[in-house]
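Take a look at the structure set out below.
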Amino acid sequence: MASEQSVTAGAGQPSALVKFVQFVPLGAAAVVLLDSATDFFPDDPLAGILTPTRLALLLGIIALVIPVRGRPRARLRDFRTRLDLPIGLLVAVSAATTYRGGHATAPLRGLLTVIACYYLVVAVRRTQPESWRALGLLALTGVAAAATSAFSQVTNETPTGFCRTGLLTDIACDAGGDGILIRATGTFSNPNLLAAFLVLLLPFALLAAVCVDERTARTAIVVLVVIGYGALLTTFSRAGYVAAAAGLLVLGGAYWLAPRIADRAQRRLFTALGTLALLGAAGAIWAVSRAGNSLGVRGQAWEAALQLAADNPLGVGLGRSGVVISATAPGDRTFVHAHNLWLNWLVEAGPLGFLAITATAVIAVSCAARAARAKSVIGTVGLAALTGFFLMSMMDHPANLDRIDALLWYALAVVMAEAPATWRNRQGAALTPVPTKLKRPRHGPQRVGAAS
C-alpha cells in the first residue's frame, strides 16, 4: 500500500515524479522552439559535440522512453510517421555524401539534431494529447519575442545594415535621403530570415486563441498575432509578403470556404483560382519592384546549381552549396546557398536527396490538407504554415540557418503527429486524441476528444 501511495499524490493524481518526467519532454520541445526564436543558447558545445540544444533533446527523449511507474512510456508506434522512409533516405544519402567526400561532419550532425527534434515533438504530441495547447502558447511566445524586437528596431531607428526605399528597392543604408526605410531583422541576422520565421510560426500561434474561452484573453492573443504580421511587413521581404498572403489565403479558405464546398470539382476550381490569384499578386510585386537584379542573381544561382547537380550525382556535401555555387556562377558574387530549398538539396545530396526532401514536403502538405478538410485546427494552421514557408523556399532557402531548420522540422512534427503512421493502417489514424472539429472556430475552446 505504501508503494501505491508513492505513485499517486491523492485520489487519481499523478505523483511528483510522474509530473516531472512528463514535463521534461515538453520542456525540451519548448527549449528548441524558444531557442529558434531568440537564439538564447550558445552555439559552443558543452563537451565534445554536445550542445545545450542537443542535451535538452537527449533528456527529452530519455524521459519519453524511460519506464516510470504510474505513467505509460512512449512506444515505437508513438514515434512512427509517414515521413519515416523519406527521412531515412535523407539521412542515408547525407551520410554517404559526407563520408564519401571526406567533408566536415558538422552539417550532418545538425541534420540529425533537427530530426531528433522532429521525433521528440511527434512523441510528445502522441503521449500527451493536451500538449497542443502548450505548443500554441509557445508559438505565441516565440512570435512575440521576434516581432517586438523587430518593431523596436523600426521605431527606434536602430541600424540593421538592411534598408530599402520606394517600392521595395534595395539601397545602401548610409546613402541617406528621403524615404529610406530600415528593414527589421528582429532576433535574426537577416530580414528574410525573420520573415521566414514569422511565416512559419504565425499560423501556429493562432492555436493559443483556441486554448482560451474568455473573450479578452482571446483578444489579447489575436492582437499579438496581428503584431506578428505587422512585424513581417517591417522586413520588406517580397518573398515573405507573398508567402504570408498565401498562408492567410489557405487559412481562411480551409476554415470557412472548404467545408462549404462539397463537390470535388468545385474544390479544384477554387484551388486553381486561388493559385492564379497568388501568382498574379507575386508577379505584381516583382513587376513594381525596382530591385531588378535580385531575380537575375537567383537565376545565376539556379543555373549553377543545375550544372553542379549534373556534374556531381552524389552531391557536393552538406553545407557546401554556397562555396561551389560561388565558384561556378559568373562574376565575383558570393553565395551562401542556392536560393531554393530543393535545388540546394539537389546540389548537396544529389537526386536522391532531392527526392527525399521533395517527398517530405509533398507528404506533409498532403497530410495537413486532409486534416484541414476534416476541420482539424492543427491541420488547418499546419497547412497554412507549410504552404507559405515552402512557397517562400522557392525563392530563398531560409532553412539553411539551423534555427529555421529546427523550426521547420518542429512544424512538420506537429502536423505529422495527427496523421496515421502508415498509409494502409486506417485504424492508426489517431494514435492519440486530437482537437475535435469546430463548427465555429472563432468561439469557444478546442476540446480534445476521443480518436475516431
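All residue names refer to the C-alpha cells as shown: chains lettered A, B, ... in order, residues numbered from 1 in each chain, ligands numbered from 1 in order.
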
Env of Ala123 (chain A): 8 Å cut, atoms = only C-alpha atoms, seq-sep filter 6 positions within chain, self excluded. Answer as an MDAnalysis selection string. chainID A and resid 64 74 78:79 417

Per residue of region 77-146 of chain A within 9 Å of region 360-364 of chain A, record the nearest atom pair and its distance in Å to one decimal, counting only C-alpha atoms, with rows in chain order and ascending residue number, as a Markdown table.
| residue | atom | partner | partner_atom | distance |
| --- | --- | --- | --- | --- |
| A:Arg82 | CA | A:Ile363 | CA | 7.5 |
| A:Leu83 | CA | A:Thr360 | CA | 6.2 |
| A:Pro86 | CA | A:Thr360 | CA | 6.0 |
| A:Ile87 | CA | A:Thr360 | CA | 7.4 |

Quick check, in Å to one decimal: how far apart do CA of Asp213 (chain A) and CA of Leu200 (chain A) lie?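 Between CA of Asp213 (chain A) and CA of Leu200 (chain A) the gap is 25.1 Å.
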
Have a look at A:Met395, A:Leu355, A:Ile49, A:Ala231 and name the one nearest to Arg109 (chain A); count only C-alpha atoms. A:Ile49

Would you list the contacts of region 151-164 of chain A as a PyMOL selection string, taking every protein, DNA or RNA residue within 8 Å and counting only C-alpha atoms, but skipping same-chain residues closer than 3 positions in sequence? chain A and resi 147-148+168-173+180-186+190-191+231+234+236

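Residue nearest Leu206 (chain A) within the list A:Val323, A:Ala329, A:Val297, A:Ala384: A:Ala384 [criterion: smallest interatomic distance, only C-alpha atoms].
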
Using only C-alpha atoms, tabulate the residues of region 343-405 of chain A lying at most 12 Å from any atom of region 131-134 of chain A, each with its closest atom pair and that distance in Å to one decimal, by chain and increasing residue number, as a tab-separated table.
residue	atom	partner	partner_atom	distance
A:Val377	CA	A:Trp132	CA	10.2
A:Ile378	CA	A:Trp132	CA	8.3
A:Gly379	CA	A:Trp132	CA	11.8

Mind checking which residues fall within 6 Å of region 301-318 of chain A, counting only C-alpha atoms, ignoring those fewer than 4 positions away in the same chain, and posting them as an MDAnalysis selection string? chainID A and resid 97:98 107 325 328:329 338 347:350

Same residues, N, CA, C and O atoms, saved as a PDB file, in the first residue's frame:
ATOM      1  N   THR A  97      27.183  11.088 -48.802  1.00  0.00           N
ATOM      2  CA  THR A  97      27.913  12.172 -49.470  1.00  0.00           C
ATOM      3  C   THR A  97      28.919  12.823 -48.533  1.00  0.00           C
ATOM      4  O   THR A  97      29.968  13.305 -48.975  1.00  0.00           O
ATOM      5  N   THR A  98      28.643  12.808 -47.224  1.00  0.00           N
ATOM      6  CA  THR A  98      29.582  13.406 -46.270  1.00  0.00           C
ATOM      7  C   THR A  98      30.840  12.564 -46.143  1.00  0.00           C
ATOM      8  O   THR A  98      31.966  13.087 -46.253  1.00  0.00           O
ATOM      9  N   PRO A 107      27.558  19.613 -40.517  1.00  0.00           N
ATOM     10  CA  PRO A 107      26.211  19.706 -41.115  1.00  0.00           C
ATOM     11  C   PRO A 107      25.398  18.430 -40.939  1.00  0.00           C
ATOM     12  O   PRO A 107      24.183  18.490 -40.741  1.00  0.00           O
ATOM     13  N   ILE A 325      28.748  26.972 -55.593  1.00  0.00           N
ATOM     14  CA  ILE A 325      27.984  27.837 -56.486  1.00  0.00           C
ATOM     15  C   ILE A 325      28.732  29.145 -56.717  1.00  0.00           C
ATOM     16  O   ILE A 325      28.771  29.667 -57.842  1.00  0.00           O
ATOM     17  N   THR A 328      31.267  28.538 -59.275  1.00  0.00           N
ATOM     18  CA  THR A 328      30.755  28.167 -60.598  1.00  0.00           C
ATOM     19  C   THR A 328      30.038  29.312 -61.295  1.00  0.00           C
ATOM     20  O   THR A 328      30.176  29.492 -62.503  1.00  0.00           O
ATOM     21  N   ALA A 329      29.268  30.083 -60.549  1.00  0.00           N
ATOM     22  CA  ALA A 329      28.485  31.172 -61.142  1.00  0.00           C
ATOM     23  C   ALA A 329      29.410  32.272 -61.659  1.00  0.00           C
ATOM     24  O   ALA A 329      30.475  32.516 -61.084  1.00  0.00           O
ATOM     25  N   ALA A 338      21.699  27.989 -52.538  1.00  0.00           N
ATOM     26  CA  ALA A 338      21.167  28.017 -53.904  1.00  0.00           C
ATOM     27  C   ALA A 338      19.923  28.873 -54.056  1.00  0.00           C
ATOM     28  O   ALA A 338      19.342  28.918 -55.142  1.00  0.00           O
ATOM     29  N   VAL A 347      21.961  19.979 -55.055  1.00  0.00           N
ATOM     30  CA  VAL A 347      23.395  20.235 -55.167  1.00  0.00           C
ATOM     31  C   VAL A 347      24.167  19.485 -54.089  1.00  0.00           C
ATOM     32  O   VAL A 347      25.196  18.843 -54.367  1.00  0.00           O
ATOM     33  N   GLU A 348      23.681  19.523 -52.858  1.00  0.00           N
ATOM     34  CA  GLU A 348      24.450  18.979 -51.741  1.00  0.00           C
ATOM     35  C   GLU A 348      24.320  17.465 -51.582  1.00  0.00           C
ATOM     36  O   GLU A 348      25.261  16.814 -51.131  1.00  0.00           O
ATOM     37  N   ALA A 349      23.161  16.899 -51.922  1.00  0.00           N
ATOM     38  CA  ALA A 349      22.948  15.461 -51.694  1.00  0.00           C
ATOM     39  C   ALA A 349      22.529  14.704 -52.943  1.00  0.00           C
ATOM     40  O   ALA A 349      22.199  13.514 -52.855  1.00  0.00           O
ATOM     41  N   GLY A 350      22.534  15.340 -54.097  1.00  0.00           N
ATOM     42  CA  GLY A 350      22.241  14.660 -55.342  1.00  0.00           C
ATOM     43  C   GLY A 350      20.750  14.391 -55.541  1.00  0.00           C
ATOM     44  O   GLY A 350      19.903  14.801 -54.749  1.00  0.00           O
TER      45      GLY A 350
END

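Across A:Ser237, A:Thr216, A:Asn400, A:Thr127, the tightest approach to Gly110 (chain A) is made by A:Asn400 when counting only C-alpha atoms.
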
Which of region 67-116 of chain A fall in alpha helix (DSSP H), as a PyMOL selection string: chain A and resi 84-101+106-116

Near Ala385 (chain A), within 12 Å and counting only C-alpha atoms, which residues show up once chain neighbours fewer than 3 positions away are dropped, as a PyMOL selection string? chain A and resi 196-206+243-251+364-365+368-369+378-382+388-392+407-408+410-412+414-415

Strand (DSSP E) residues, from DSSP on the backbone, in region 77-222 of chain A, as a ChimeraX atom specification: /A:163-165,169-171,181-182

Would you put the residues from that selection into a file with all heavy atoms, as a compact mmCIF listing (two decimals), in the first residue's frame?
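The result, written out as out23.txt:
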# COMPACT_ATOMS: atom_id res chain seq x y z
N CYS A 163 18.40 48.18 -45.76
CA CYS A 163 17.48 49.30 -45.99
C CYS A 163 16.86 49.18 -47.37
O CYS A 163 17.43 48.59 -48.29
CB CYS A 163 18.21 50.64 -45.89
SG CYS A 163 18.80 51.03 -44.22
N ARG A 164 15.67 49.80 -47.49
CA ARG A 164 15.00 49.90 -48.78
C ARG A 164 14.30 51.23 -48.88
O ARG A 164 14.05 51.91 -47.88
CB ARG A 164 13.99 48.75 -48.97
CG ARG A 164 14.69 47.47 -49.43
CD ARG A 164 13.75 46.38 -49.83
NE ARG A 164 14.53 45.30 -50.42
CZ ARG A 164 14.10 44.06 -50.63
NH1 ARG A 164 12.87 43.75 -50.26
NH2 ARG A 164 14.86 43.16 -51.18
N THR A 165 13.94 51.58 -50.10
CA THR A 165 13.20 52.82 -50.33
C THR A 165 12.31 52.61 -51.54
O THR A 165 12.43 51.62 -52.26
CB THR A 165 14.16 54.00 -50.57
OG1 THR A 165 13.40 55.20 -50.62
CG2 THR A 165 14.92 53.84 -51.87
N THR A 169 12.74 48.84 -53.13
CA THR A 169 14.01 48.91 -53.84
C THR A 169 15.17 48.90 -52.86
O THR A 169 15.20 49.68 -51.91
CB THR A 169 14.09 50.20 -54.68
OG1 THR A 169 12.95 50.24 -55.55
CG2 THR A 169 15.36 50.23 -55.52
N ASP A 170 16.15 48.03 -53.08
CA ASP A 170 17.31 47.95 -52.20
C ASP A 170 18.14 49.22 -52.30
O ASP A 170 18.30 49.80 -53.38
CB ASP A 170 18.18 46.75 -52.60
CG ASP A 170 17.52 45.44 -52.25
OD1 ASP A 170 17.10 45.27 -51.09
OD2 ASP A 170 17.41 44.58 -53.13
N ILE A 171 18.69 49.64 -51.17
CA ILE A 171 19.52 50.84 -51.13
C ILE A 171 20.50 50.71 -49.97
O ILE A 171 20.21 50.04 -48.97
CB ILE A 171 18.66 52.12 -50.96
CG1 ILE A 171 19.51 53.37 -51.15
CG2 ILE A 171 17.97 52.13 -49.62
CD1 ILE A 171 18.69 54.65 -51.18
N LEU A 181 14.03 53.38 -45.62
CA LEU A 181 13.35 52.57 -44.60
C LEU A 181 14.27 51.48 -44.11
O LEU A 181 14.91 50.79 -44.90
CB LEU A 181 12.07 51.95 -45.18
CG LEU A 181 11.02 52.93 -45.70
CD1 LEU A 181 9.94 52.18 -46.47
CD2 LEU A 181 10.40 53.71 -44.55
N ILE A 182 14.32 51.33 -42.79
CA ILE A 182 15.12 50.27 -42.19
C ILE A 182 14.37 48.96 -42.30
O ILE A 182 13.19 48.87 -41.97
CB ILE A 182 15.43 50.59 -40.72
CG1 ILE A 182 16.36 51.80 -40.62
CG2 ILE A 182 16.06 49.39 -40.01
CD1 ILE A 182 16.62 52.24 -39.20

What is the distance, in Å and to one decimal place, between CA of Gly88 (chain A) and CA of Thr51 (chain A)? 23.5 Å
